[in-house]
Amino acid sequence: MWQRFTFYDLRVIGHYLGVLIMWSAALMAAPLVVGLIFQEWDAVSRYLFSIGIALVSGATLRFCRIQPGRLNRQQALAVVGFAWIVIGLFCSIPLYLSGHYITFLDAVFDGVSGITTTGASLILDLDHLSYADNTFRFMMHLLGGLGLIVVALSLGMFGKGAGSQLYSSEARSEHVVPNVIQTAQFIAKVTAIVIALASVVVATLLLTKGFEPARAILQAIWVSISAFVTGGFTPMQQSILYYHSAILETITMVLMIMGSISFVIYYEVWKGQTRSFFRDIESRTTLIWIAVMVAVFVASLSASTLFSDLPALIRRGVYMVVASFTTTGFSVITPNQLVVVLSSGAFLTLALFMAVGGSAGSTAGGIKMYRVGIIAKSIVQTVKQAVSPDSARVVESYYHIGRRILSPDTVKEATTVFILYVVTYVIGALVGIAHGYDANQSIFESIAMVSNGGLITGLATPGMPPTLEIFYIFQMWVGRLEFITLLALAAQIIASILPRPRAKQRTTRA
């Protein structure tokens with residue numbers, strides 16, 4: 001029996017959403033400061049206006065909850081489920097007011113894309129976007145890549161009693177350290193250190209290429225953020241191709257790979273247990289998966305004119321593979337080349353890379369290597385059981401934060417999410433085909449949205465059909481929540497709307 005939302009539940013949910021909306025106002029402080037420094041007065045006025053809306057809305061919602069109480073699982077699912085779309089809506093306000101979007105829906109698309117770290121964009125004239133607006137785009141990536149709840153917990157915004165439920169509701173079940181708040185702080189600390197060091201290196205590189213100091217520093221920070229949180233936004237329309245730098249491509253590849261590794265592994269290595277990385281089921285699954293798929297990708301590229309020589313094959317091919325399997329969405333080829341020049345095999349291989357994605361507990365999207373590894377282990381166990389005597393008991397184990405026994409519940413959870421991803425990929429492809437687009441492009445675009453991969457072929461463009469755009473927004477949202485939270489939330493809403501069944505009354509004879 002599904003639980004209904006009570007009036008008290010709605011007040012509690014509203015309170016926590018208000019906290020997160022007010023955090024989106026704090027997020028806008030960074031572009032506001034940048035606008036003041038570079039005297040972009042139009043941007044300053046827009047962000048002041050947007051901050052005012054967010055503060056008023058958030059403060060109003062916070063009054064919904066008068067007396068504090070412990071957040072239950074049902075309420076936590078609703079807070080997290082609504083937060084990712086609500087924050088995207090508030091973030092779209094300053095974007096739309098910038099004048100770089102045809103419709104408000106396009107701005108909402110970019111707001112949701114930014115906060116879910118999908119990286120697909122419908123912005124117009126990106127190359128001439130203000131420093132303030134660009135800063136805001138990458139701040140959305142930073143917040144979304146770390147996780148709305150992780151950031152809020154690391155800053156102690158929810159107080160005591162709400163952390164564990166909210167953390168697990170945001171598709172995070174693994175604690176780096178026993179305490180949830182300490183886990184969130186560790187994730188934020190690692191991210192800050194990596195981005196700071198990478199920004200220094202990239203800024204130095206851009207300065208040597210003749211960039212102005214301010215532009216070099218800002219673009220270094222933006223690119224470093226987007227690479228490590230596997231976001232995909234770039235400050236220039238041509239993505240990483242704009243820089244024509246093999247060194248920058250190497251740096252961003254390293255950052256993307258680091259971003260696709262679980263923060264649990266970082267903690268294990270930090271403790272000195274470096275062998276954990278090579279023993280972990282995700283690491284081993286990733287190595288096998290990439291080795292097989294790279295072989296397929298290289299074979300498919302052999303007939304491509306874009307990759308006709310070995311240096312081009314290595315440089316561009318490897319980069320596109322890394323950008324795909326980390327679900328970052330950076331590119332060193334144009335969308336037209338992605339569709340026209342790549343062979344069908346290479347094209348669909350990149351789609352498969354995005355579909356699977358990186359590690360669980362990382363900033364990457366997709367099905368996740370952990371689930372693929374669990375399903376592979378389950379297949380091995382099934383085969384062993386089939387060839388073993390009836391009296392034999394087959395036990396399969398794997399290493400993931402210690403030695404674990406493969407349980408039916410673990411296999412069921414991995415298989416369920418895997419199937420839901422595949423079904424959503426297929427439905428999205430059918431929606432694209434129904435709008436009259438090519439089947440291969442529709443498949444690729446659908447996978448890019450659900451996996452939060454960001455590599456697009458040109459279907460998601462300004463002026464696209466509103467119905468398709470709304471569906472893509474829905475896919476980005478679903479992919480970031482990884483289905484379970486969304487399905488539980490949908491069930492609770494439906495149960496709250498439907499009338500209660502009347503109890504059958506017994507009739508007795510006098």
# chains A, B, ... in the order shown; residues from 1 in each chain; ligands from 1
>>> residues_around(residues="Met369 (chain A)", least_positions_apart="3", cutoff="9 Å", atoms="only C-alpha atoms", output="ChimeraX atom specification")
/A:281-283,285-286,289,356-360,366,372-374
>>> select_by_dssp(residues="region 217-278 of chain A", states="alpha helix (DSSP H)", output="JSON list (two decimals) with all heavy atoms, in the first residue's frame")
[["chain", "number", "residue", "atom", "x", "y", "z"],
["A", 217, "ILE", "N", 42.39, 33.06, -16.96],
["A", 217, "ILE", "CA", 42.07, 32.55, -15.62],
["A", 217, "ILE", "C", 40.63, 32.04, -15.55],
["A", 217, "ILE", "O", 40.37, 30.94, -15.05],
["A", 217, "ILE", "CB", 42.32, 33.64, -14.56],
["A", 217, "ILE", "CG1", 43.82, 33.97, -14.48],
["A", 217, "ILE", "CG2", 41.78, 33.21, -13.19],
["A", 217, "ILE", "CD1", 44.13, 35.18, -13.62],
["A", 218, "LEU", "N", 39.70, 32.84, -16.06],
["A", 218, "LEU", "CA", 38.29, 32.44, -16.00],
["A", 218, "LEU", "C", 38.03, 31.18, -16.83],
["A", 218, "LEU", "O", 37.36, 30.25, -16.37],
["A", 218, "LEU", "CB", 37.41, 33.59, -16.49],
["A", 218, "LEU", "CG", 37.24, 34.76, -15.51],
["A", 218, "LEU", "CD1", 36.45, 35.89, -16.16],
["A", 218, "LEU", "CD2", 36.55, 34.31, -14.23],
["A", 219, "GLN", "N", 38.54, 31.14, -18.05],
["A", 219, "GLN", "CA", 38.30, 29.97, -18.89],
["A", 219, "GLN", "C", 38.97, 28.73, -18.31],
["A", 219, "GLN", "O", 38.46, 27.61, -18.45],
["A", 219, "GLN", "CB", 38.76, 30.23, -20.32],
["A", 219, "GLN", "CG", 37.92, 31.25, -21.06],
["A", 219, "GLN", "CD", 37.92, 31.05, -22.56],
["A", 219, "GLN", "OE1", 38.32, 30.02, -23.07],
["A", 219, "GLN", "NE2", 37.44, 32.05, -23.29],
["A", 220, "ALA", "N", 40.11, 28.92, -17.65],
["A", 220, "ALA", "CA", 40.78, 27.79, -17.01],
["A", 220, "ALA", "C", 39.91, 27.21, -15.89],
["A", 220, "ALA", "O", 39.76, 25.99, -15.77],
["A", 220, "ALA", "CB", 42.13, 28.24, -16.45],
["A", 221, "ILE", "N", 39.33, 28.09, -15.09],
["A", 221, "ILE", "CA", 38.45, 27.64, -14.01],
["A", 221, "ILE", "C", 37.22, 26.95, -14.58],
["A", 221, "ILE", "O", 36.82, 25.86, -14.13],
["A", 221, "ILE", "CB", 38.05, 28.82, -13.11],
["A", 221, "ILE", "CG1", 39.28, 29.41, -12.40],
["A", 221, "ILE", "CG2", 37.00, 28.39, -12.08],
["A", 221, "ILE", "CD1", 39.00, 30.70, -11.66],
["A", 222, "TRP", "N", 36.61, 27.57, -15.59],
["A", 222, "TRP", "CA", 35.39, 27.01, -16.18],
["A", 222, "TRP", "C", 35.63, 25.63, -16.78],
["A", 222, "TRP", "O", 34.88, 24.69, -16.52],
["A", 222, "TRP", "CB", 34.86, 27.96, -17.26],
["A", 222, "TRP", "CG", 34.46, 29.30, -16.76],
["A", 222, "TRP", "CD1", 34.12, 29.66, -15.49],
["A", 222, "TRP", "CD2", 34.39, 30.51, -17.54],
["A", 222, "TRP", "NE1", 33.83, 30.99, -15.43],
["A", 222, "TRP", "CE2", 33.97, 31.55, -16.66],
["A", 222, "TRP", "CE3", 34.62, 30.82, -18.88],
["A", 222, "TRP", "CZ2", 33.79, 32.85, -17.10],
["A", 222, "TRP", "CZ3", 34.43, 32.13, -19.31],
["A", 222, "TRP", "CH2", 34.03, 33.14, -18.43],
["A", 223, "VAL", "N", 36.69, 25.50, -17.57],
["A", 223, "VAL", "CA", 36.99, 24.23, -18.24],
["A", 223, "VAL", "C", 37.34, 23.16, -17.20],
["A", 223, "VAL", "O", 36.93, 22.00, -17.32],
["A", 223, "VAL", "CB", 38.12, 24.39, -19.27],
["A", 223, "VAL", "CG1", 38.59, 23.03, -19.78],
["A", 223, "VAL", "CG2", 37.66, 25.26, -20.44],
["A", 224, "SER", "N", 38.10, 23.53, -16.17],
["A", 224, "SER", "CA", 38.49, 22.57, -15.14],
["A", 224, "SER", "C", 37.27, 22.06, -14.38],
["A", 224, "SER", "O", 37.16, 20.86, -14.08],
["A", 224, "SER", "CB", 39.48, 23.22, -14.16],
["A", 224, "SER", "OG", 40.66, 23.61, -14.82],
["A", 225, "ILE", "N", 36.35, 22.97, -14.05],
["A", 225, "ILE", "CA", 35.11, 22.56, -13.38],
["A", 225, "ILE", "C", 34.33, 21.58, -14.24],
["A", 225, "ILE", "O", 33.94, 20.50, -13.80],
["A", 225, "ILE", "CB", 34.24, 23.79, -13.04],
["A", 225, "ILE", "CG1", 34.86, 24.61, -11.92],
["A", 225, "ILE", "CG2", 32.83, 23.35, -12.63],
["A", 225, "ILE", "CD1", 34.14, 25.92, -11.65],
["A", 226, "SER", "N", 34.11, 21.97, -15.49],
["A", 226, "SER", "CA", 33.29, 21.17, -16.39],
["A", 226, "SER", "C", 33.91, 19.80, -16.64],
["A", 226, "SER", "O", 33.20, 18.80, -16.74],
["A", 226, "SER", "CB", 33.10, 21.90, -17.72],
["A", 226, "SER", "OG", 32.11, 21.28, -18.50],
["A", 227, "ALA", "N", 35.25, 19.73, -16.73],
["A", 227, "ALA", "CA", 35.92, 18.46, -16.99],
["A", 227, "ALA", "C", 35.82, 17.52, -15.79],
["A", 227, "ALA", "O", 35.46, 16.34, -15.94],
["A", 227, "ALA", "CB", 37.38, 18.69, -17.36],
["A", 228, "PHE", "N", 36.11, 18.03, -14.58],
["A", 228, "PHE", "CA", 36.14, 17.15, -13.43],
["A", 228, "PHE", "C", 34.76, 16.69, -12.99],
["A", 228, "PHE", "O", 34.59, 15.55, -12.55],
["A", 228, "PHE", "CB", 36.85, 17.82, -12.25],
["A", 228, "PHE", "CG", 37.01, 16.91, -11.06],
["A", 228, "PHE", "CD1", 37.88, 15.83, -11.11],
["A", 228, "PHE", "CD2", 36.26, 17.10, -9.91],
["A", 228, "PHE", "CE1", 38.01, 14.97, -10.03],
["A", 228, "PHE", "CE2", 36.40, 16.25, -8.82],
["A", 228, "PHE", "CZ", 37.28, 15.19, -8.88],
["A", 246, "ALA", "N", 46.86, 20.10, -28.06],
["A", 246, "ALA", "CA", 46.98, 18.70, -27.63],
["A", 246, "ALA", "C", 47.22, 18.61, -26.13],
["A", 246, "ALA", "O", 46.76, 17.67, -25.47],
["A", 246, "ALA", "CB", 48.11, 18.02, -28.39],
["A", 247, "ILE", "N", 47.94, 19.60, -25.58],
["A", 247, "ILE", "CA", 48.22, 19.61, -24.14],
["A", 247, "ILE", "C", 46.93, 19.79, -23.35],
["A", 247, "ILE", "O", 46.68, 19.08, -22.36],
["A", 247, "ILE", "CB", 49.23, 20.71, -23.78],
["A", 247, "ILE", "CG1", 50.56, 20.47, -24.50],
["A", 247, "ILE", "CG2", 49.45, 20.78, -22.27],
["A", 247, "ILE", "CD1", 51.58, 21.57, -24.29],
["A", 248, "LEU", "N", 46.09, 20.74, -23.77],
["A", 248, "LEU", "CA", 44.82, 20.97, -23.08],
["A", 248, "LEU", "C", 43.91, 19.76, -23.20],
["A", 248, "LEU", "O", 43.22, 19.39, -22.24],
["A", 248, "LEU", "CB", 44.13, 22.21, -23.65],
["A", 248, "LEU", "CG", 42.78, 22.57, -23.01],
["A", 248, "LEU", "CD1", 42.96, 22.88, -21.53],
["A", 248, "LEU", "CD2", 42.13, 23.75, -23.71],
["A", 249, "GLU", "N", 43.93, 19.13, -24.34],
["A", 249, "GLU", "CA", 43.12, 17.92, -24.52],
["A", 249, "GLU", "C", 43.57, 16.83, -23.57],
["A", 249, "GLU", "O", 42.74, 16.12, -22.98],
["A", 249, "GLU", "CB", 43.21, 17.45, -25.98],
["A", 249, "GLU", "CG", 42.50, 18.38, -26.96],
["A", 249, "GLU", "CD", 42.84, 18.07, -28.41],
["A", 249, "GLU", "OE1", 43.35, 16.95, -28.68],
["A", 249, "GLU", "OE2", 42.61, 18.93, -29.28],
["A", 250, "THR", "N", 44.88, 16.70, -23.38],
["A", 250, "THR", "CA", 45.41, 15.69, -22.45],
["A", 250, "THR", "C", 45.00, 16.01, -21.02],
["A", 250, "THR", "O", 44.58, 15.12, -20.26],
["A", 250, "THR", "CB", 46.94, 15.62, -22.55],
["A", 250, "THR", "OG1", 47.32, 15.33, -23.90],
["A", 250, "THR", "CG2", 47.49, 14.55, -21.63],
["A", 251, "ILE", "N", 45.10, 17.28, -20.64],
["A", 251, "ILE", "CA", 44.74, 17.70, -19.28],
["A", 251, "ILE", "C", 43.26, 17.42, -19.02],
["A", 251, "ILE", "O", 42.89, 16.87, -17.97],
["A", 251, "ILE", "CB", 45.04, 19.19, -19.07],
["A", 251, "ILE", "CG1", 46.55, 19.43, -19.11],
["A", 251, "ILE", "CG2", 44.47, 19.68, -17.73],
["A", 251, "ILE", "CD1", 46.93, 20.91, -19.14],
["A", 252, "THR", "N", 42.40, 17.80, -19.96],
["A", 252, "THR", "CA", 40.97, 17.59, -19.76],
["A", 252, "THR", "C", 40.61, 16.11, -19.77],
["A", 252, "THR", "O", 39.69, 15.69, -19.06],
["A", 252, "THR", "CB", 40.15, 18.35, -20.82],
["A", 252, "THR", "OG1", 40.62, 18.01, -22.14],
["A", 252, "THR", "CG2", 40.26, 19.85, -20.63],
["A", 253, "MET", "N", 41.33, 15.30, -20.55],
["A", 253, "MET", "CA", 41.08, 13.86, -20.52],
["A", 253, "MET", "C", 41.39, 13.29, -19.13],
["A", 253, "MET", "O", 40.64, 12.47, -18.61],
["A", 253, "MET", "CB", 41.91, 13.14, -21.58],
["A", 253, "MET", "CG", 41.29, 13.16, -22.97],
["A", 253, "MET", "SD", 42.04, 11.97, -24.12],
["A", 253, "MET", "CE", 43.65, 12.69, -24.35],
["A", 254, "VAL", "N", 42.51, 13.73, -18.55],
["A", 254, "VAL", "CA", 42.87, 13.27, -17.20],
["A", 254, "VAL", "C", 41.80, 13.68, -16.20],
["A", 254, "VAL", "O", 41.37, 12.89, -15.35],
["A", 254, "VAL", "CB", 44.24, 13.83, -16.79],
["A", 254, "VAL", "CG1", 44.52, 13.53, -15.32],
["A", 254, "VAL", "CG2", 45.34, 13.26, -17.66],
["A", 255, "LEU", "N", 41.34, 14.92, -16.31],
["A", 255, "LEU", "CA", 40.30, 15.42, -15.39],
["A", 255, "LEU", "C", 38.99, 14.64, -15.57],
["A", 255, "LEU", "O", 38.33, 14.30, -14.58],
["A", 255, "LEU", "CB", 40.06, 16.91, -15.63],
["A", 255, "LEU", "CG", 41.16, 17.86, -15.16],
["A", 255, "LEU", "CD1", 40.86, 19.29, -15.63],
["A", 255, "LEU", "CD2", 41.27, 17.83, -13.64],
["A", 256, "MET", "N", 38.62, 14.37, -16.81],
["A", 256, "MET", "CA", 37.38, 13.62, -17.06],
["A", 256, "MET", "C", 37.46, 12.22, -16.47],
["A", 256, "MET", "O", 36.50, 11.73, -15.85],
["A", 256, "MET", "CB", 37.10, 13.56, -18.56],
["A", 256, "MET", "CG", 36.64, 14.87, -19.17],
["A", 256, "MET", "SD", 36.12, 14.72, -20.90],
["A", 256, "MET", "CE", 37.68, 14.52, -21.75],
["A", 257, "ILE", "N", 38.60, 11.56, -16.65],
["A", 257, "ILE", "CA", 38.76, 10.21, -16.09],
["A", 257, "ILE", "C", 38.72, 10.26, -14.57],
["A", 257, "ILE", "O", 38.09, 9.41, -13.92],
["A", 257, "ILE", "CB", 40.08, 9.60, -16.59],
["A", 257, "ILE", "CG1", 40.00, 9.34, -18.10],
["A", 257, "ILE", "CG2", 40.38, 8.30, -15.85],
["A", 257, "ILE", "CD1", 41.31, 8.93, -18.73],
["A", 258, "MET", "N", 39.37, 11.26, -13.99],
["A", 258, "MET", "CA", 39.34, 11.41, -12.52],
["A", 258, "MET", "C", 37.92, 11.64, -12.03],
["A", 258, "MET", "O", 37.52, 11.11, -10.98],
["A", 258, "MET", "CB", 40.24, 12.57, -12.11],
["A", 258, "MET", "CG", 41.72, 12.33, -12.29],
["A", 258, "MET", "SD", 42.73, 13.77, -11.85],
["A", 258, "MET", "CE", 42.44, 13.85, -10.07],
["A", 259, "GLY", "N", 37.15, 12.42, -12.78],
["A", 259, "GLY", "CA", 35.77, 12.68, -12.39],
["A", 259, "GLY", "C", 34.87, 11.47, -12.48],
["A", 259, "GLY", "O", 33.84, 11.39, -11.80],
["A", 263, "PHE", "N", 34.32, 8.41, -5.62],
["A", 263, "PHE", "CA", 34.99, 9.07, -4.51],
["A", 263, "PHE", "C", 35.38, 8.08, -3.42],
["A", 263, "PHE", "O", 36.27, 8.36, -2.61],
["A", 263, "PHE", "CB", 34.09, 10.17, -3.93],
["A", 263, "PHE", "CG", 34.06, 11.41, -4.78],
["A", 263, "PHE", "CD1", 33.00, 11.65, -5.64],
["A", 263, "PHE", "CD2", 35.09, 12.34, -4.72],
["A", 263, "PHE", "CE1", 32.97, 12.79, -6.42],
["A", 263, "PHE", "CE2", 35.06, 13.48, -5.50],
["A", 263, "PHE", "CZ", 34.00, 13.72, -6.36],
["A", 264, "VAL", "N", 34.74, 6.92, -3.40],
["A", 264, "VAL", "CA", 35.12, 5.88, -2.45],
["A", 264, "VAL", "C", 36.55, 5.42, -2.74],
["A", 264, "VAL", "O", 37.34, 5.19, -1.82],
["A", 264, "VAL", "CB", 34.15, 4.68, -2.55],
["A", 264, "VAL", "CG1", 34.64, 3.52, -1.69],
["A", 264, "VAL", "CG2", 32.75, 5.10, -2.14],
["A", 265, "ILE", "N", 36.89, 5.29, -4.02],
["A", 265, "ILE", "CA", 38.24, 4.89, -4.40],
["A", 265, "ILE", "C", 39.25, 5.94, -3.96],
["A", 265, "ILE", "O", 40.35, 5.62, -3.49],
["A", 265, "ILE", "CB", 38.32, 4.66, -5.92],
["A", 265, "ILE", "CG1", 37.36, 3.56, -6.36],
["A", 265, "ILE", "CG2", 39.74, 4.32, -6.33],
["A", 265, "ILE", "CD1", 37.66, 2.20, -5.76],
["A", 266, "TYR", "N", 38.89, 7.22, -4.12],
["A", 266, "TYR", "CA", 39.79, 8.30, -3.68],
["A", 266, "TYR", "C", 40.09, 8.16, -2.18],
["A", 266, "TYR", "O", 41.23, 8.33, -1.74],
["A", 266, "TYR", "CB", 39.17, 9.67, -3.95],
["A", 266, "TYR", "CG", 39.26, 10.10, -5.39],
["A", 266, "TYR", "CD1", 38.13, 10.13, -6.20],
["A", 266, "TYR", "CD2", 40.47, 10.51, -5.93],
["A", 266, "TYR", "CE1", 38.21, 10.53, -7.53],
["A", 266, "TYR", "CE2", 40.56, 10.92, -7.25],
["A", 266, "TYR", "CZ", 39.43, 10.93, -8.04],
["A", 266, "TYR", "OH", 39.52, 11.32, -9.35],
["A", 267, "TYR", "N", 39.06, 7.84, -1.42],
["A", 267, "TYR", "CA", 39.26, 7.72, 0.03],
["A", 267, "TYR", "C", 40.12, 6.51, 0.36],
["A", 267, "TYR", "O", 40.99, 6.58, 1.24],
["A", 267, "TYR", "CB", 37.90, 7.61, 0.73],
["A", 267, "TYR", "CG", 38.01, 7.60, 2.23],
["A", 267, "TYR", "CD1", 38.39, 8.75, 2.92],
["A", 267, "TYR", "CD2", 37.74, 6.46, 2.97],
["A", 267, "TYR", "CE1", 38.49, 8.76, 4.30],
["A", 267, "TYR", "CE2", 37.84, 6.45, 4.35],
["A", 267, "TYR", "CZ", 38.22, 7.61, 5.01],
["A", 267, "TYR", "OH", 38.32, 7.61, 6.38],
["A", 268, "GLU", "N", 39.92, 5.41, -0.35],
["A", 268, "GLU", "CA", 40.72, 4.21, -0.13],
["A", 268, "GLU", "C", 42.19, 4.48, -0.45],
["A", 268, "GLU", "O", 43.09, 4.08, 0.30],
["A", 268, "GLU", "CB", 40.19, 3.05, -0.98],
["A", 268, "GLU", "CG", 38.81, 2.56, -0.60],
["A", 268, "GLU", "CD", 38.81, 1.84, 0.73],
["A", 268, "GLU", "OE1", 39.65, 0.96, 0.93],
["A", 268, "GLU", "OE2", 37.97, 2.20, 1.58],
["A", 269, "VAL", "N", 42.43, 5.15, -1.58],
["A", 269, "VAL", "CA", 43.80, 5.49, -1.96],
["A", 269, "VAL", "C", 44.42, 6.47, -0.97],
["A", 269, "VAL", "O", 45.60, 6.36, -0.61],
["A", 269, "VAL", "CB", 43.83, 6.08, -3.40],
["A", 269, "VAL", "CG1", 45.22, 6.60, -3.75],
["A", 269, "VAL", "CG2", 43.40, 5.03, -4.41],
["A", 270, "TRP", "N", 43.62, 7.43, -0.51],
["A", 270, "TRP", "CA", 44.09, 8.41, 0.47],
["A", 270, "TRP", "C", 44.53, 7.73, 1.77],
["A", 270, "TRP", "O", 45.48, 8.16, 2.42],
["A", 270, "TRP", "CB", 42.99, 9.43, 0.74],
["A", 270, "TRP", "CG", 43.37, 10.50, 1.72],
["A", 270, "TRP", "CD1", 44.24, 11.54, 1.51],
["A", 270, "TRP", "CD2", 42.91, 10.64, 3.08],
["A", 270, "TRP", "NE1", 44.34, 12.32, 2.65],
["A", 270, "TRP", "CE2", 43.55, 11.79, 3.62],
["A", 270, "TRP", "CE3", 42.03, 9.92, 3.87],
["A", 270, "TRP", "CZ2", 43.31, 12.22, 4.92],
["A", 270, "TRP", "CZ3", 41.80, 10.33, 5.17],
["A", 270, "TRP", "CH2", 42.43, 11.47, 5.69],
["A", 275, "ARG", "N", 45.82, -0.72, -3.60],
["A", 275, "ARG", "CA", 45.40, -1.96, -4.27],
["A", 275, "ARG", "C", 43.89, -2.03, -4.44],
["A", 275, "ARG", "O", 43.40, -2.78, -5.29],
["A", 275, "ARG", "CB", 45.87, -3.17, -3.45],
["A", 275, "ARG", "CG", 47.39, -3.35, -3.42],
["A", 275, "ARG", "CD", 47.76, -4.57, -2.62],
["A", 275, "ARG", "NE", 47.14, -5.78, -3.17],
["A", 275, "ARG", "CZ", 47.19, -6.98, -2.55],
["A", 275, "ARG", "NH1", 47.77, -7.09, -1.36],
["A", 275, "ARG", "NH2", 46.61, -8.03, -3.12],
["A", 276, "SER", "N", 43.16, -1.25, -3.65],
["A", 276, "SER", "CA", 41.70, -1.27, -3.75],
["A", 276, "SER", "C", 41.23, -0.85, -5.13],
["A", 276, "SER", "O", 40.22, -1.35, -5.63],
["A", 276, "SER", "CB", 41.10, -0.32, -2.69],
["A", 276, "SER", "OG", 41.42, -0.75, -1.39],
["A", 277, "PHE", "N", 41.99, 0.08, -5.75],
["A", 277, "PHE", "CA", 41.59, 0.55, -7.08],
["A", 277, "PHE", "C", 41.61, -0.58, -8.09],
["A", 277, "PHE", "O", 40.70, -0.70, -8.92],
["A", 277, "PHE", "CB", 42.53, 1.67, -7.53],
["A", 277, "PHE", "CG", 42.26, 2.14, -8.94],
["A", 277, "PHE", "CD1", 41.22, 3.01, -9.20],
["A", 277, "PHE", "CD2", 43.05, 1.71, -9.99],
["A", 277, "PHE", "CE1", 40.95, 3.44, -10.49],
["A", 277, "PHE", "CE2", 42.79, 2.12, -11.28],
["A", 277, "PHE", "CZ", 41.75, 2.99, -11.54],
["A", 278, "PHE", "N", 42.60, -1.43, -8.02],
["A", 278, "PHE", "CA", 42.76, -2.50, -9.02],
["A", 278, "PHE", "C", 41.91, -3.72, -8.68],
["A", 278, "PHE", "O", 41.60, -4.52, -9.56],
["A", 278, "PHE", "CB", 44.23, -2.89, -9.13],
["A", 278, "PHE", "CG", 45.12, -1.76, -9.56],
["A", 278, "PHE", "CD1", 45.86, -1.05, -8.62],
["A", 278, "PHE", "CD2", 45.19, -1.38, -10.89],
["A", 278, "PHE", "CE1", 46.68, 0.00, -9.01],
["A", 278, "PHE", "CE2", 46.01, -0.33, -11.29],
["A", 278, "PHE", "CZ", 46.75, 0.37, -10.35]]
>>> residues_around(residues="Ser121 (chain A)", least_positions_apart="2", cutoff="8 Å", atoms="only C-alpha atoms", output="VMD selection string")
chain A and resid 109 to 110 113 119 123 233 460 to 461
>>> residues_around(residues="Leu129 (chain A)", least_positions_apart="3", cutoff="12 Å", atoms="only C-alpha atoms", output="PyMOL selection string")
chain A and resi 35+40+43+95+98-101+123-126+132-137+234-237
>>> select_by_dssp(residues="region 269-483 of chain A", states="strand (DSSP E)", output="NGL selection string")
:A and (397-399 or 403-405)
>>> residues_around(residues="region 463-474 of chain A", least_positions_apart="2", cutoff="8 Å", atoms="only C-alpha atoms", output="list in words")
Ile102, Leu105, Phe109, Val112, Ser113, Gly428, Val431, Gly432, His435, Ser446, Met449, Leu459, Ala460, Thr461, Met476, Trp477 and Val478 of chain A
>>> write_last_selection(atoms="N, CA, C and O atoms", output="tab-separated table (two decimals), in the first residue's frame")
chain	number	residue	atom	x	y	z
A	102	ILE	N	15.94	31.82	-27.45
A	102	ILE	CA	14.75	32.16	-28.25
A	102	ILE	C	13.51	32.13	-27.38
A	102	ILE	O	12.67	33.03	-27.44
A	105	LEU	N	11.53	28.22	-22.58
A	105	LEU	CA	11.71	26.77	-22.50
A	105	LEU	C	13.15	26.39	-22.84
A	105	LEU	O	13.72	25.46	-22.26
A	109	PHE	N	15.67	24.37	-20.49
A	109	PHE	CA	16.47	23.23	-20.98
A	109	PHE	C	17.91	23.37	-20.52
A	109	PHE	O	18.51	22.43	-19.99
A	112	VAL	N	18.25	22.96	-16.60
A	112	VAL	CA	18.21	21.56	-16.20
A	112	VAL	C	19.47	20.83	-16.69
A	112	VAL	O	20.05	20.01	-15.98
A	113	SER	N	19.90	21.15	-17.91
A	113	SER	CA	21.12	20.54	-18.46
A	113	SER	C	22.34	20.90	-17.61
A	113	SER	O	23.21	20.06	-17.37
A	428	GLY	N	12.88	7.29	-25.69
A	428	GLY	CA	13.38	8.56	-26.19
A	428	GLY	C	13.71	8.52	-27.66
A	428	GLY	O	13.45	9.47	-28.40
A	431	VAL	N	10.48	8.63	-29.56
A	431	VAL	CA	9.94	9.99	-29.55
A	431	VAL	C	10.63	10.84	-30.62
A	431	VAL	O	9.99	11.60	-31.35
A	432	GLY	N	11.95	10.71	-30.73
A	432	GLY	CA	12.68	11.44	-31.76
A	432	GLY	C	12.27	11.02	-33.15
A	432	GLY	O	12.08	11.86	-34.04
A	435	HIS	N	9.02	12.43	-34.24
A	435	HIS	CA	9.10	13.84	-34.66
A	435	HIS	C	9.75	13.99	-36.03
A	435	HIS	O	10.02	15.11	-36.47
A	446	SER	N	18.81	10.47	-27.51
A	446	SER	CA	18.09	9.97	-26.34
A	446	SER	C	19.07	9.47	-25.28
A	446	SER	O	18.93	9.77	-24.09
A	449	MET	N	20.81	12.32	-23.43
A	449	MET	CA	19.98	13.01	-22.44
A	449	MET	C	19.83	12.18	-21.16
A	449	MET	O	20.03	12.69	-20.05
A	459	LEU	N	19.88	17.37	-33.00
A	459	LEU	CA	18.42	17.34	-32.82
A	459	LEU	C	18.00	18.34	-31.75
A	459	LEU	O	16.97	19.00	-31.87
A	460	ALA	N	18.80	18.41	-30.68
A	460	ALA	CA	18.52	19.38	-29.62
A	460	ALA	C	19.11	20.73	-30.03
A	460	ALA	O	20.28	21.03	-29.78
A	461	THR	N	18.30	21.53	-30.68
A	461	THR	CA	18.74	22.84	-31.17
A	461	THR	C	17.68	23.88	-30.84
A	461	THR	O	16.51	23.54	-30.61
A	476	MET	N	16.63	14.15	-18.92
A	476	MET	CA	17.78	14.60	-18.13
A	476	MET	C	17.49	14.48	-16.64
A	476	MET	O	18.35	14.07	-15.86
A	477	TRP	N	16.30	14.86	-16.26
A	477	TRP	CA	15.87	14.79	-14.85
A	477	TRP	C	15.84	13.35	-14.37
A	477	TRP	O	16.38	13.01	-13.30
A	478	VAL	N	15.23	12.47	-15.17
A	478	VAL	CA	15.13	11.05	-14.82
A	478	VAL	C	16.51	10.42	-14.69
A	478	VAL	O	16.80	9.68	-13.75
>>> residues_around(residues="Arg403 (chain A)", least_positions_apart="5", cutoff="10 Å", atoms="only C-alpha atoms", output="list in words")
Arg279, Asp280, Ser397 and Tyr398 of chain A
>>> write_last_selection(atoms="C-alpha atoms", output="tab-separated table (two decimals), in the first residue's frame")
chain	number	residue	atom	x	y	z
A	279	ARG	CA	40.71	-5.01	-7.02
A	280	ASP	CA	37.43	-3.08	-7.17
A	397	SER	CA	31.94	-12.79	-4.42
A	398	TYR	CA	33.36	-9.47	-5.54
